[in-house]
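A.B. asks: What follows is model_27.tsv, TSV, C-alpha atoms and all ligand atoms.
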chain	number	residue	atom	x	y	z
W	1	MET	CA	-23.90	-16.10	0.54
W	2	ILE	CA	-20.21	-16.66	-0.15
W	3	ARG	CA	-17.71	-16.17	2.65
W	4	ILE	CA	-13.97	-15.88	1.99
W	5	LEU	CA	-11.18	-15.99	4.56
W	6	GLY	CA	-8.34	-13.69	3.44
W	7	ILE	CA	-4.74	-14.08	4.64
W	8	GLU	CA	-1.97	-11.51	4.09
W	9	THR	CA	1.62	-11.96	5.29
W	10	SER	CA	3.75	-10.33	2.58
W	11	CYS	CA	5.85	-8.09	4.81
W	12	ASP	CA	5.68	-7.13	8.49
W	13	GLU	CA	1.91	-7.37	8.95
W	14	THR	CA	0.12	-10.62	9.75
W	15	ALA	CA	-3.48	-10.16	8.69
W	16	ALA	CA	-6.64	-12.23	8.36
W	17	ALA	CA	-10.16	-11.15	7.44
W	18	VAL	CA	-13.56	-12.61	6.69
W	19	VAL	CA	-15.44	-10.98	3.81
W	20	GLU	CA	-18.91	-11.95	2.59
W	21	ASP	CA	-20.38	-11.39	-0.84
W	22	ARG	CA	-17.51	-9.30	-2.21
W	23	THR	CA	-17.79	-6.28	0.06
W	24	LYS	CA	-19.18	-7.11	3.52
W	25	VAL	CA	-16.17	-7.09	5.83
W	26	ARG	CA	-17.07	-9.23	8.86
W	27	SER	CA	-13.62	-8.95	10.44
W	28	ASN	CA	-10.27	-7.42	9.58
W	29	VAL	CA	-7.47	-8.31	12.00
W	30	VAL	CA	-3.92	-6.98	11.60
W	31	ALA	CA	-0.94	-7.74	13.86
W	32	SER	CA	2.09	-5.67	12.95
W	33	SER	CA	5.71	-6.31	13.89
W	34	ALA	CA	6.63	-2.69	13.01
W	35	GLU	CA	7.52	-2.09	16.66
W	36	ILE	CA	10.24	-4.76	16.44
W	37	HIS	CA	11.72	-3.17	13.30
W	38	ARG	CA	11.57	0.41	14.57
W	39	ARG	CA	14.99	0.38	16.20
W	40	PHE	CA	16.52	-0.85	12.92
W	41	GLY	CA	14.81	1.90	10.90
W	42	GLY	CA	13.33	-0.60	8.45
W	43	VAL	CA	11.91	-4.10	8.14
W	44	VAL	CA	14.37	-6.89	9.03
W	45	PRO	CA	13.17	-9.86	6.92
W	46	GLU	CA	14.29	-12.58	9.33
W	47	LEU	CA	12.55	-10.93	12.28
W	48	ALA	CA	9.44	-10.29	10.17
W	49	SER	CA	9.05	-13.94	9.15
W	50	ARG	CA	9.65	-15.13	12.70
W	51	HIS	CA	6.88	-12.83	13.89
W	52	GLN	CA	4.62	-14.12	11.10
W	53	VAL	CA	5.06	-17.69	12.37
W	54	GLU	CA	4.08	-16.66	15.88
W	55	ALA	CA	1.15	-14.48	14.84
W	56	ILE	CA	-0.56	-16.40	12.06
W	57	GLY	CA	-2.49	-18.88	14.23
W	58	PRO	CA	-3.87	-16.34	16.72
W	59	VAL	CA	-4.66	-13.81	13.96
W	60	VAL	CA	-6.68	-16.30	11.88
W	61	THR	CA	-8.50	-17.51	15.01
W	62	LEU	CA	-9.32	-13.93	16.02
W	63	ALA	CA	-10.56	-13.02	12.53
W	64	LEU	CA	-12.95	-15.99	12.58
W	65	GLU	CA	-14.06	-15.18	16.12
W	66	GLN	CA	-14.69	-11.51	15.36
W	67	ALA	CA	-16.68	-12.50	12.30
W	68	GLY	CA	-18.79	-14.70	14.60
W	69	THR	CA	-17.94	-17.78	12.61
W	70	ASP	CA	-15.52	-20.67	12.29
W	71	LEU	CA	-13.63	-22.52	9.58
W	72	ALA	CA	-16.61	-24.80	8.89
W	73	THR	CA	-18.56	-21.92	7.30
W	74	ILE	CA	-15.75	-20.58	5.08
W	75	ASP	CA	-16.27	-21.17	1.34
W	76	ALA	CA	-12.75	-20.37	0.11
W	77	VAL	CA	-9.41	-19.11	1.38
W	78	ALA	CA	-7.55	-16.31	-0.42
W	79	VAL	CA	-3.89	-15.66	0.28
W	80	THR	CA	-1.19	-13.25	-0.88
W	81	CYS	CA	1.36	-15.33	-2.81
W	82	GLY	CA	3.59	-12.39	-3.88
W	83	PRO	CA	5.26	-10.00	-4.27
W	84	GLY	CA	6.90	-9.54	-0.87
W	85	LEU	CA	9.45	-11.06	1.49
W	86	VAL	CA	9.71	-14.75	0.75
W	87	GLY	CA	9.95	-15.89	4.37
W	88	SER	CA	6.90	-13.83	5.32
W	89	LEU	CA	4.87	-14.86	2.26
W	90	LEU	CA	5.52	-18.56	2.92
W	91	VAL	CA	3.86	-18.37	6.33
W	92	GLY	CA	0.56	-17.18	4.89
W	93	VAL	CA	0.72	-19.46	1.87
W	94	SER	CA	1.39	-22.50	4.08
W	95	ALA	CA	-1.44	-21.62	6.45
W	96	ALA	CA	-3.88	-21.07	3.57
W	97	LYS	CA	-2.90	-24.34	1.92
W	98	ALA	CA	-3.40	-26.22	5.19
W	99	ILE	CA	-6.87	-24.73	5.64
W	100	ALA	CA	-7.87	-25.35	2.01
W	101	TRP	CA	-6.66	-28.95	2.21
W	102	GLN	CA	-8.24	-29.69	5.56
W	103	ARG	CA	-11.61	-28.15	4.61
W	104	ARG	CA	-11.50	-29.21	0.91
W	105	ILE	CA	-12.29	-25.63	-0.15
W	106	PRO	CA	-10.85	-23.57	-3.04
W	107	LEU	CA	-7.46	-21.93	-2.55
W	108	LEU	CA	-7.21	-18.50	-4.21
W	109	ALA	CA	-3.74	-17.07	-4.97
W	110	VAL	CA	-3.81	-13.28	-4.87
W	111	ASN	CA	-1.20	-10.80	-6.05
W	112	HIS	CA	-0.62	-8.28	-3.25
W	113	LEU	CA	-0.96	-5.37	-5.71
W	114	GLU	CA	-4.30	-6.61	-6.99
W	115	GLY	CA	-5.33	-6.79	-3.33
W	116	HIS	CA	-4.44	-3.11	-2.85
W	117	ILE	CA	-6.46	-2.18	-5.95
W	118	ARG	CA	-9.47	-4.24	-4.81
W	119	SER	CA	-9.38	-2.44	-1.45
W	120	CYS	CA	-11.03	0.48	-3.26
W	121	PHE	CA	-14.00	-1.72	-4.15
W	122	LEU	CA	-14.88	-2.58	-0.56
W	123	GLU	CA	-16.52	0.78	0.02
W	124	HIS	CA	-17.07	2.28	-3.43
W	125	ALA	CA	-19.05	1.23	-6.49
W	126	ILE	CA	-16.42	1.68	-9.20
W	127	SER	CA	-17.12	1.98	-12.89
W	128	PHE	CA	-14.63	1.02	-15.61
W	129	PRO	CA	-12.38	2.00	-17.24
W	130	ALA	CA	-10.36	3.28	-14.31
W	131	LEU	CA	-6.80	4.21	-13.44
W	132	ALA	CA	-5.37	2.64	-10.30
W	133	LEU	CA	-2.44	4.17	-8.45
W	134	VAL	CA	-0.83	1.83	-5.93
W	135	VAL	CA	1.49	3.73	-3.60
W	136	SER	CA	3.04	1.72	-0.81
W	137	GLY	CA	6.33	0.97	0.90
W	138	GLY	CA	7.33	-1.43	-1.85
W	139	HIS	CA	5.49	-0.15	-4.93
W	140	THR	CA	4.53	2.90	-6.92
W	141	HIS	CA	2.58	1.70	-9.92
W	142	LEU	CA	-0.06	3.32	-12.06
W	143	TYR	CA	-2.33	0.84	-13.86
W	144	LEU	CA	-4.97	1.13	-16.50
W	145	CYS	CA	-7.94	-1.09	-15.63
W	146	PRO	CA	-10.11	-1.27	-18.76
W	147	GLU	CA	-12.41	-3.79	-17.10
W	148	GLU	CA	-12.69	-5.78	-13.92
W	149	GLY	CA	-9.61	-7.89	-13.20
W	150	VAL	CA	-7.47	-6.44	-16.03
W	151	TYR	CA	-4.39	-4.37	-15.13
W	152	ARG	CA	-1.98	-2.73	-17.58
W	153	THR	CA	1.06	-0.92	-16.22
W	154	LEU	CA	1.22	2.70	-17.40
W	155	ALA	CA	3.95	4.04	-15.13
W	156	ARG	CA	6.04	2.85	-12.23
W	157	THR	CA	8.91	4.01	-10.11
W	158	ARG	CA	12.40	3.39	-11.50
W	159	ASP	CA	14.00	3.44	-8.05
W	160	ASP	CA	12.45	4.00	-4.61
W	161	ALA	CA	8.75	3.49	-3.97
W	162	ALA	CA	6.86	6.53	-2.66
W	163	GLY	CA	6.46	5.01	0.82
W	164	GLU	CA	10.12	4.01	0.82
W	165	ALA	CA	11.04	7.64	0.08
W	166	PHE	CA	8.95	8.79	3.06
W	167	ASP	CA	10.62	6.15	5.25
W	168	LYS	CA	14.16	7.01	4.10
W	169	VAL	CA	13.69	10.76	4.46
W	170	ALA	CA	12.32	10.29	7.98
W	171	LYS	CA	15.23	8.03	8.80
W	172	LEU	CA	17.91	10.43	7.55
W	173	LEU	CA	16.33	13.17	9.65
W	174	GLY	CA	16.10	10.90	12.68
W	175	LEU	CA	12.31	11.14	12.79
W	176	GLY	CA	11.42	7.49	13.39
W	177	TYR	CA	9.84	4.59	11.54
W	178	PRO	CA	7.66	4.12	9.56
W	179	GLY	CA	8.31	7.55	8.14
W	180	GLY	CA	5.10	8.20	6.22
W	181	PRO	CA	2.78	8.84	9.14
W	182	VAL	CA	5.48	10.88	10.97
W	183	VAL	CA	6.14	13.13	7.97
W	184	ASP	CA	2.40	13.53	7.37
W	185	ARG	CA	1.92	14.70	10.96
W	186	LEU	CA	4.97	16.99	11.08
W	187	ALA	CA	4.09	18.61	7.75
W	188	GLU	CA	0.73	19.72	9.05
W	189	GLY	CA	0.70	23.51	9.23
W	190	ALA	CA	4.31	23.78	8.00
W	191	ASN	CA	5.45	25.80	4.99
W	192	GLU	CA	5.55	23.38	2.07
W	193	GLU	CA	7.01	26.05	-0.19
W	194	ALA	CA	10.06	26.57	2.02
W	195	VAL	CA	12.33	24.39	-0.14
W	196	SER	CA	11.88	23.85	-3.84
W	197	PHE	CA	12.70	20.33	-4.96
W	198	PRO	CA	13.07	18.74	-8.39
W	199	ARG	CA	10.04	16.91	-9.77
W	200	ALA	CA	10.08	13.25	-8.71
W	201	VAL	CA	9.79	11.92	-12.25
W	202	MET	CA	12.17	10.51	-14.84
W	203	LYS	CA	13.84	13.03	-17.11
W	204	ASP	CA	14.19	10.66	-20.07
W	205	GLY	CA	10.84	11.54	-21.62
W	206	SER	CA	9.02	8.59	-20.04
W	207	LEU	CA	6.27	9.20	-17.51
W	208	ASP	CA	7.84	6.97	-14.87
W	209	PHE	CA	8.40	8.14	-11.31
W	210	SER	CA	11.80	8.55	-9.66
W	211	PHE	CA	12.01	9.33	-5.96
W	212	SER	CA	15.65	8.68	-5.18
W	213	GLY	CA	16.86	12.03	-6.57
W	214	LEU	CA	14.33	13.79	-4.37
W	215	LYS	CA	15.54	11.84	-1.33
W	216	SER	CA	19.15	12.80	-2.13
W	217	ALA	CA	18.14	16.44	-2.50
W	218	VAL	CA	16.55	16.29	0.97
W	219	ARG	CA	19.77	14.77	2.33
W	220	ARG	CA	21.94	17.46	0.73
W	221	HIS	CA	19.69	20.22	2.05
W	222	ALA	CA	19.69	18.69	5.54
W	223	GLN	CA	23.48	18.33	5.50
W	224	ALA	CA	23.99	21.90	4.33
W	225	ARG	CA	21.69	23.20	7.06
W	226	GLY	CA	22.96	20.85	9.78
W	227	LEU	CA	19.53	19.27	10.18
W	228	GLN	CA	20.50	15.61	10.00
W	229	GLN	CA	19.59	13.53	13.03
W	230	ALA	CA	18.30	16.72	14.58
W	231	ASN	CA	15.59	14.79	16.36
W	232	ALA	CA	16.05	11.47	18.08
W	233	THR	CA	12.34	11.36	18.83
W	234	ALA	CA	9.61	12.94	16.83
W	235	SER	CA	6.80	13.36	19.29
W	236	GLY	CA	5.92	16.53	17.40
W	237	ASP	CA	6.38	19.81	19.22
W	238	ASP	CA	10.12	19.39	19.79
W	239	VAL	CA	10.86	19.12	16.06
W	240	PRO	CA	12.39	22.36	14.74
W	241	ARG	CA	10.33	24.49	12.38
W	242	GLU	CA	12.98	24.17	9.69
W	243	VAL	CA	12.71	20.37	9.72
W	244	ARG	CA	8.92	20.56	9.53
W	245	ASP	CA	9.16	22.90	6.55
W	246	LEU	CA	11.67	20.57	4.93
W	247	VAL	CA	9.49	17.45	5.24
W	248	ALA	CA	6.41	19.43	4.15
W	249	SER	CA	8.28	20.55	1.01
W	250	PHE	CA	9.41	16.97	0.36
W	251	GLN	CA	5.86	15.68	0.82
W	252	ARG	CA	4.53	18.28	-1.57
W	253	ALA	CA	7.05	17.18	-4.23
W	254	VAL	CA	5.98	13.53	-3.85
W	255	VAL	CA	2.30	14.43	-4.06
W	256	GLN	CA	2.85	16.68	-7.07
W	257	ALA	CA	4.58	13.90	-8.98
W	258	LEU	CA	1.84	11.41	-8.18
W	259	VAL	CA	-1.07	13.72	-8.97
W	260	GLU	CA	0.43	15.33	-12.08
W	261	THR	CA	1.47	12.04	-13.66
W	262	THR	CA	-1.94	10.54	-12.94
W	263	LEU	CA	-3.59	13.56	-14.55
W	264	ARG	CA	-1.47	13.17	-17.67
W	265	PHE	CA	-2.76	9.61	-18.07
W	266	VAL	CA	-6.31	10.73	-17.26
W	267	ALA	CA	-6.05	13.06	-20.24
W	268	ARG	CA	-4.20	10.61	-22.49
W	269	GLU	CA	-6.56	7.69	-21.83
W	270	GLY	CA	-9.72	9.78	-21.50
W	271	ILE	CA	-10.57	8.28	-18.11
W	272	SER	CA	-12.55	9.86	-15.29
W	273	THR	CA	-12.24	7.32	-12.48
W	274	VAL	CA	-9.07	7.10	-10.38
W	275	LEU	CA	-8.41	4.63	-7.56
W	276	VAL	CA	-5.64	5.37	-5.06
W	277	ALA	CA	-4.52	2.51	-2.81
W	278	GLY	CA	-1.63	1.34	-0.61
W	279	GLY	CA	-0.15	2.70	2.62
W	280	VAL	CA	0.74	6.10	1.17
W	281	ALA	CA	-2.95	6.57	0.23
W	282	ASN	CA	-3.30	7.42	3.93
W	283	ASN	CA	-1.34	10.60	3.37
W	284	SER	CA	-3.50	13.63	4.10
W	285	ARG	CA	-1.68	15.85	1.57
W	286	LEU	CA	-2.11	13.22	-1.15
W	287	ARG	CA	-5.82	12.98	-0.39
W	288	ARG	CA	-6.08	16.75	-0.58
W	289	GLY	CA	-4.12	16.85	-3.85
W	290	PHE	CA	-6.43	14.30	-5.45
W	291	ALA	CA	-9.55	15.95	-4.02
W	292	GLU	CA	-8.50	19.19	-5.75
W	293	ALA	CA	-7.74	17.32	-8.99
W	294	ALA	CA	-11.14	15.62	-8.81
W	295	ARG	CA	-12.85	18.98	-8.48
W	296	ASP	CA	-10.81	20.72	-11.18
W	297	HIS	CA	-10.99	17.89	-13.72
W	298	ASN	CA	-14.40	16.45	-12.90
W	299	LEU	CA	-13.03	13.08	-11.80
W	300	THR	CA	-14.21	10.41	-9.40
W	301	VAL	CA	-11.30	9.61	-7.10
W	302	ALA	CA	-11.75	6.69	-4.72
W	303	PHE	CA	-9.58	6.16	-1.65
W	304	PRO	CA	-10.09	3.24	0.72
W	305	SER	CA	-10.62	4.22	4.34
W	306	PRO	CA	-7.51	3.89	6.57
W	307	PRO	CA	-7.97	0.25	7.75
W	308	TYR	CA	-7.89	-0.84	4.10
W	309	THR	CA	-4.96	1.28	2.90
W	310	THR	CA	-2.01	-0.26	4.72
W	311	ASP	CA	-1.55	-4.02	4.41
W	312	ASN	CA	-4.68	-5.92	5.41
W	313	ALA	CA	-6.43	-9.15	4.51
W	314	ALA	CA	-9.88	-7.75	3.69
W	315	MET	CA	-8.41	-6.53	0.40
W	316	ILE	CA	-6.96	-10.00	-0.27
W	317	ALA	CA	-10.34	-11.63	0.35
W	318	ALA	CA	-11.95	-8.96	-1.87
W	319	ALA	CA	-9.56	-9.86	-4.71
W	320	GLY	CA	-10.21	-13.54	-3.96
W	321	PHE	CA	-13.86	-13.10	-4.99
W	322	LEU	CA	-12.76	-12.24	-8.55
W	323	HIS	CA	-10.61	-15.38	-8.73
W	324	LEU	CA	-13.40	-17.56	-7.37
W	325	GLU	CA	-15.96	-16.09	-9.77
W	326	HIS	CA	-13.66	-16.75	-12.71
W	327	GLY	CA	-12.74	-20.24	-11.54
W	328	ARG	CA	-9.10	-19.33	-11.00
W	329	ILE	CA	-8.40	-21.85	-8.25
W	330	ALA	CA	-4.82	-22.49	-7.15
W	331	GLY	CA	-3.44	-25.97	-6.57
W	332	LEU	CA	-1.89	-27.13	-3.32
W	333	GLU	CA	1.51	-26.90	-4.98
W	334	LEU	CA	1.14	-23.08	-4.77
W	335	ASN	CA	4.40	-21.40	-3.84
W	336	ALA	CA	5.31	-17.91	-2.69
W	337	ASP	CA	6.77	-15.72	-5.44
W	338	PRO	CA	8.64	-12.71	-4.00
W	339	ASN	CA	8.85	-11.07	-7.46
W	340	LEU	CA	5.35	-11.81	-8.69
W	341	LYS	CA	4.19	-9.33	-11.37
W	342	LEU	CA	0.64	-8.13	-11.86
N	1	LIG	O1	0.78	-0.78	1.83
N	1	LIG	P1	1.71	-0.78	2.97
N	1	LIG	O2	1.16	-1.04	4.35
N	1	LIG	O3	2.84	-1.85	2.78
N	1	LIG	C1	3.41	-2.16	1.54
N	1	LIG	O4	2.79	-2.93	0.76
N	1	LIG	O5	4.52	-1.63	1.31
N	1	LIG	O6	2.49	0.61	2.94
N	1	LIG	C2	3.42	0.97	3.91
N	1	LIG	C3	4.01	2.31	3.53
N	1	LIG	C4	5.17	2.75	4.41
N	1	LIG	O7	6.24	3.16	3.57
N	1	LIG	C5	4.61	3.94	5.18
N	1	LIG	O8	5.58	4.92	5.52
N	1	LIG	C6	3.60	4.49	4.19
N	1	LIG	O9	3.01	3.34	3.62
N	1	LIG	N1	2.56	5.32	4.84
N	1	LIG	C7	2.43	6.64	4.60
N	1	LIG	C8	1.40	7.09	5.46
N	1	LIG	N2	0.93	6.01	6.17
N	1	LIG	C9	1.66	4.94	5.77
N	1	LIG	N3	3.09	7.46	3.77
N	1	LIG	C10	2.74	8.75	3.77
N	1	LIG	N4	1.78	9.27	4.57
N	1	LIG	C11	1.09	8.49	5.42
N	1	LIG	N5	0.14	9.01	6.20
N	2	ZN	ZN	1.04	-3.38	0.60
Do you think you could lay out the structure here as structure tokens?
Ligand code: KG4
Ligand code: ZN

C.D. replies:
Amino acid sequence: MIRILGIETSCDETAAAVVEDRTKVRSNVVASSAEIHRRFGGVVPELASRHQVEAIGPVVTLALEQAGTDLATIDAVAVTCGPGLVGSLLVGVSAAKAIAWQRRIPLLAVNHLEGHIRSCFLEHAISFPALALVVSGGHTHLYLCPEEGVYRTLARTRDDAAGEAFDKVAKLLGLGYPGGPVVDRLAEGANEEAVSFPRAVMKDGSLDFSFSGLKSAVRRHAQARGLQQANATASGDDVPREVRDLVASFQRAVVQALVETTLRFVAREGISTVLVAGGVANNSRLRRGFAEAARDHNLTVAFPSPPYTTDNAAMIAAAGFLHLEHGRIAGLELNADPNLKL
């Protein structure tokens, strides 16, 4: 039995997890500082890294405790080394290096995006080739995975990430932070055909995504209708119907771009397995859109369950298994790389 301790601190979540034999998650602890950032309407890097420093010790201890184990039984430590906020990343990387050095166990350097992709493997047996769509607050990338551990970029966003678009739209409407879950909830039962928006893709003939035009269209519509900052709090019922219809229409446009572009690559590459990961994979409309696509096009679409969609360390440990199996061990000179590419 191989047991990996995963550590993830790329943004505003401090996470640690113990995973055995690739897929058995023994613990998955996440401490978020989102509450601290809420009043600023977005992550404040300095506050995020300060919270990471405070949380990392207790979170690792709790993950070991919940797994019913201790550092002495851990075979390797996997850590996110990028991309992300450098101050946040450094906290996890330093902790992982200290543990690897003290225990003389392998240190595994994991790309955060590979972690998101591997989150799909925790609960599903995936066959290759596959397409992997990573949709989060920082990224919107579609990859071709011809075999295990190989990732080729097919399409990406040229401006905002999908999650970022959700967050910015919620912010401009005064709906709170993070915006994705709020919009998802408010859109439920609303009329998503109320406002027709442009497709959130590039118009230059490429198949890349572009969400900033969509966000601006939402802003213009809100300004024209006097809907901006209509709601200081978004507990739900007090949000006007028109705002709900607006966010539902926006959400539909995001989902359409993601599903339609993925389907174009499904056809082009002749692939029938699609993985959808990252925080936005939580979105109920996106899950519905892909469920319909799966039915209509005879595809297997795998979504991680909610604890593994937003940032977590089980996915980092899961990716760590691949590195360990292939002997890709990092040295103690490992550094955080905020712009690390997959
Ligand atoms: O993967 P993640 O936790 O962090 C990054 O790596 O960025 O993703 C966070 C993003 C945020 O932008 C948040 O608004 C979005 O995921 N998100 C959602 C939902 N839940 C989280 N977006 C749409 N619908 C949701 N239900
Ligand atoms: Zn993430």

A.B. asks: Counting all atoms listed in the file, which residues in chain W sit no more than 12 Å from ligand ZN 2 (chain N)? For each one, give the nearest pair of atoms and the distance in Å, sorted by chain then residue number, as a tab-separated table.

C.D. replies:
residue	atom	partner	partner_atom	distance
W:Glu8	CA	N:ZN2	ZN	9.3
W:Thr9	CA	N:ZN2	ZN	9.8
W:Ser10	CA	N:ZN2	ZN	7.7
W:Cys11	CA	N:ZN2	ZN	7.9
W:Asp12	CA	N:ZN2	ZN	9.9
W:Glu13	CA	N:ZN2	ZN	9.3
W:Thr14	CA	N:ZN2	ZN	11.7
W:Ala15	CA	N:ZN2	ZN	11.5
W:Thr80	CA	N:ZN2	ZN	10.2
W:Gly82	CA	N:ZN2	ZN	10.4
W:Pro83	CA	N:ZN2	ZN	9.2
W:Gly84	CA	N:ZN2	ZN	8.6
W:Leu85	CA	N:ZN2	ZN	11.4
W:Asn111	CA	N:ZN2	ZN	10.2
W:His112	CA	N:ZN2	ZN	6.4
W:Leu113	CA	N:ZN2	ZN	6.9
W:Glu114	CA	N:ZN2	ZN	9.8
W:Gly115	CA	N:ZN2	ZN	8.2
W:His116	CA	N:ZN2	ZN	6.5
W:Ile117	CA	N:ZN2	ZN	10.0
W:Arg118	CA	N:ZN2	ZN	11.9
W:Ser119	CA	N:ZN2	ZN	10.7
W:Val134	CA	N:ZN2	ZN	8.6
W:Val135	CA	N:ZN2	ZN	8.3
W:Ser136	CA	N:ZN2	ZN	5.7
W:Gly137	CA	N:ZN2	ZN	6.9
W:Gly138	CA	N:ZN2	ZN	7.0
W:His139	CA	N:ZN2	ZN	7.8
W:Thr140	CA	N:ZN2	ZN	10.4
W:His141	CA	N:ZN2	ZN	11.8
W:Ala161	CA	N:ZN2	ZN	11.3
W:Ala162	CA	N:ZN2	ZN	11.9
W:Gly163	CA	N:ZN2	ZN	10.0
W:Glu164	CA	N:ZN2	ZN	11.7
W:Ala277	CA	N:ZN2	ZN	8.8
W:Gly278	CA	N:ZN2	ZN	5.6
W:Gly279	CA	N:ZN2	ZN	6.5
W:Val280	CA	N:ZN2	ZN	9.5
W:Ala281	CA	N:ZN2	ZN	10.7
W:Tyr308	CA	N:ZN2	ZN	9.9
W:Thr309	CA	N:ZN2	ZN	7.9
W:Thr310	CA	N:ZN2	ZN	6.0
W:Asp311	CA	N:ZN2	ZN	4.7
W:Asn312	CA	N:ZN2	ZN	7.9
W:Ala313	CA	N:ZN2	ZN	10.2
W:Met315	CA	N:ZN2	ZN	10.0
W:Ile316	CA	N:ZN2	ZN	10.4

A.B. asks: Mind listing whatever residues come within 10 Å of the point (-15.1, 2.2, -15.4)? Use only C-alpha atoms, file coordinates, and give them as number ranges by chain.

C.D. replies: W: 125-131, 145-148, 271-274

A.B. asks: Restricting the calculation to all atoms listed in the file: of W:Gly205, W:Leu227, W:Gln66, W:Pro307, which residue gets closest to W:Val30?

C.D. replies: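 Going through W:Gly205, W:Leu227, W:Gln66, W:Pro307 one by one, the smallest distance to W:Val30 is for W:Pro307.
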
A.B. asks: Just the residues within 10 Å of W:Met1, please, counting all atoms listed in the file, with nothing from its chain fewer than 6 positions along; format it as a list in words.

C.D. replies: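 What passes the distance filter is Glu20, Asp21, Arg22 and Asp75 of chain W.
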
A.B. asks: Go through W:Arg220, W:Arg287, W:Arg103, W:Arg26 and flag the residue nearest ligand LIG 1 (chain N), using only C-alpha atoms and all ligand atoms for the distances.

C.D. replies: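 That would be W:Arg287, the residue with the smallest distance to ligand LIG 1 (chain N).
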
A.B. asks: Separation of atom CA of W:Gly92 and atom CA of W:Ile56, in Å?

C.D. replies: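 Separation of atom CA of W:Gly92 and atom CA of W:Ile56: 7.3 Å.
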
A.B. asks: Can you pull out the residues contacting W:Glu260? Cut-off 12 Å, using only C-alpha atoms, and skip same-chain residues under 4 positions away; I want them as a PyMOL selection string.

C.D. replies: chain W and resi 199-201+207-209+252-256+264-267+286+289-290+292-293+297

A.B. asks: What does the structure give for the distance between atom CA of W:Arg50 and atom CA of W:Leu175, in Å to one decimal?

C.D. replies: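 Going from atom CA of W:Arg50 over to atom CA of W:Leu175, I get 26.4 Å.
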
A.B. asks: Go ahead and compute the interatomic distance for atom CA of W:Val91 and atom O1 of ligand LIG 1 (chain N), in Å to one decimal.

C.D. replies: 18.4 Å

A.B. asks: Using all atoms listed in the file, pick whichever of W:Pro198, W:Pro178, W:Gly57, W:Pro45 has the shortest atom-to-atom distance to W:Val86.

C.D. replies: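 Between W:Pro198, W:Pro178, W:Gly57, W:Pro45, the residue approaching W:Val86 most closely is W:Pro45.
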
A.B. asks: Using all atoms listed in the file, find the one residue out of W:Gly149, W:Gly41, W:Gly226, W:Gly331 that sits nearest to ligand LIG 1 (chain N).

C.D. replies: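 For ligand LIG 1 (chain N), the nearest of the candidates is W:Gly41.
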
A.B. asks: Closest to ligand LIG 1 (chain N) among W:Leu133, W:Val243, W:Ala190, W:Val218, using all atoms listed in the file?

C.D. replies: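 Among W:Leu133, W:Val243, W:Ala190, W:Val218, it is W:Leu133 that comes nearest to ligand LIG 1 (chain N).
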
A.B. asks: Nearest to W:Leu71: which of W:Gly87, W:Gly6, W:Gly320, W:Gly42 is it, counting all atoms listed in the file?

C.D. replies: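 Distance minimum relative to W:Leu71 lands on W:Gly6.
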
A.B. asks: Could you work out an axis-aligned bounding box for all listed atoms of ligand LIG 1 (chain N), with 6 Å added on each of the six sides, and give its centre and edge lengths in Å to one decimal, as AutoDock Vina command-line options?

C.D. replies:
--center_x 3.2 --center_y 3.2 --center_z 3.5 --size_x 18.1 --size_y 24.2 --size_z 17.4

A.B. asks: Skipping near chain neighbours, those fewer than 6 positions away, what residues fall within 10 Å of W:Thr73 using all atoms listed in the file, listed as a PyMOL selection string?

C.D. replies: chain W and resi 2-5+64+103

A.B. asks: So which residues touch W:Leu62 within 10 Å, counting all atoms listed in the file, skipping near sequence neighbours fewer than 2 positions away, as an MDAnalysis selection string?

C.D. replies: chainID W and resid 16:17 27:30 56:60 64:68 70

A.B. asks: Could you complete stretch 163-169 of chain W so that it carries N, CA, C and O atoms, and give it back as a PDB file, in the coordinates of the input?

C.D. replies:
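Result file result-v9.pdb:
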ATOM      1  N   GLY W 163       6.425   5.252  -0.637  1.00  0.00           N
ATOM      2  CA  GLY W 163       6.460   5.010   0.820  1.00  0.00           C
ATOM      3  C   GLY W 163       7.891   4.857   1.314  1.00  0.00           C
ATOM      4  O   GLY W 163       8.245   5.319   2.404  1.00  0.00           O
ATOM      5  N   GLU W 164       8.703   4.206   0.492  1.00  0.00           N
ATOM      6  CA  GLU W 164      10.120   4.010   0.820  1.00  0.00           C
ATOM      7  C   GLU W 164      10.808   5.374   0.933  1.00  0.00           C
ATOM      8  O   GLU W 164      11.650   5.592   1.811  1.00  0.00           O
ATOM      9  N   ALA W 165      10.455   6.291   0.034  1.00  0.00           N
ATOM     10  CA  ALA W 165      11.040   7.640   0.080  1.00  0.00           C
ATOM     11  C   ALA W 165      10.651   8.334   1.382  1.00  0.00           C
ATOM     12  O   ALA W 165      11.502   8.953   2.043  1.00  0.00           O
ATOM     13  N   PHE W 166       9.384   8.214   1.769  1.00  0.00           N
ATOM     14  CA  PHE W 166       8.950   8.790   3.060  1.00  0.00           C
ATOM     15  C   PHE W 166       9.768   8.170   4.195  1.00  0.00           C
ATOM     16  O   PHE W 166      10.256   8.882   5.080  1.00  0.00           O
ATOM     17  N   ASP W 167       9.919   6.842   4.157  1.00  0.00           N
ATOM     18  CA  ASP W 167      10.620   6.150   5.250  1.00  0.00           C
ATOM     19  C   ASP W 167      12.093   6.561   5.307  1.00  0.00           C
ATOM     20  O   ASP W 167      12.650   6.777   6.378  1.00  0.00           O
ATOM     21  N   LYS W 168      12.728   6.678   4.119  1.00  0.00           N
ATOM     22  CA  LYS W 168      14.160   7.010   4.100  1.00  0.00           C
ATOM     23  C   LYS W 168      14.406   8.452   4.518  1.00  0.00           C
ATOM     24  O   LYS W 168      15.388   8.751   5.203  1.00  0.00           O
ATOM     25  N   VAL W 169      13.540   9.352   4.080  1.00  0.00           N
ATOM     26  CA  VAL W 169      13.690  10.760   4.460  1.00  0.00           C
ATOM     27  C   VAL W 169      13.519  10.910   5.979  1.00  0.00           C
ATOM     28  O   VAL W 169      14.302  11.595   6.646  1.00  0.00           O
TER      29      VAL W 169
END
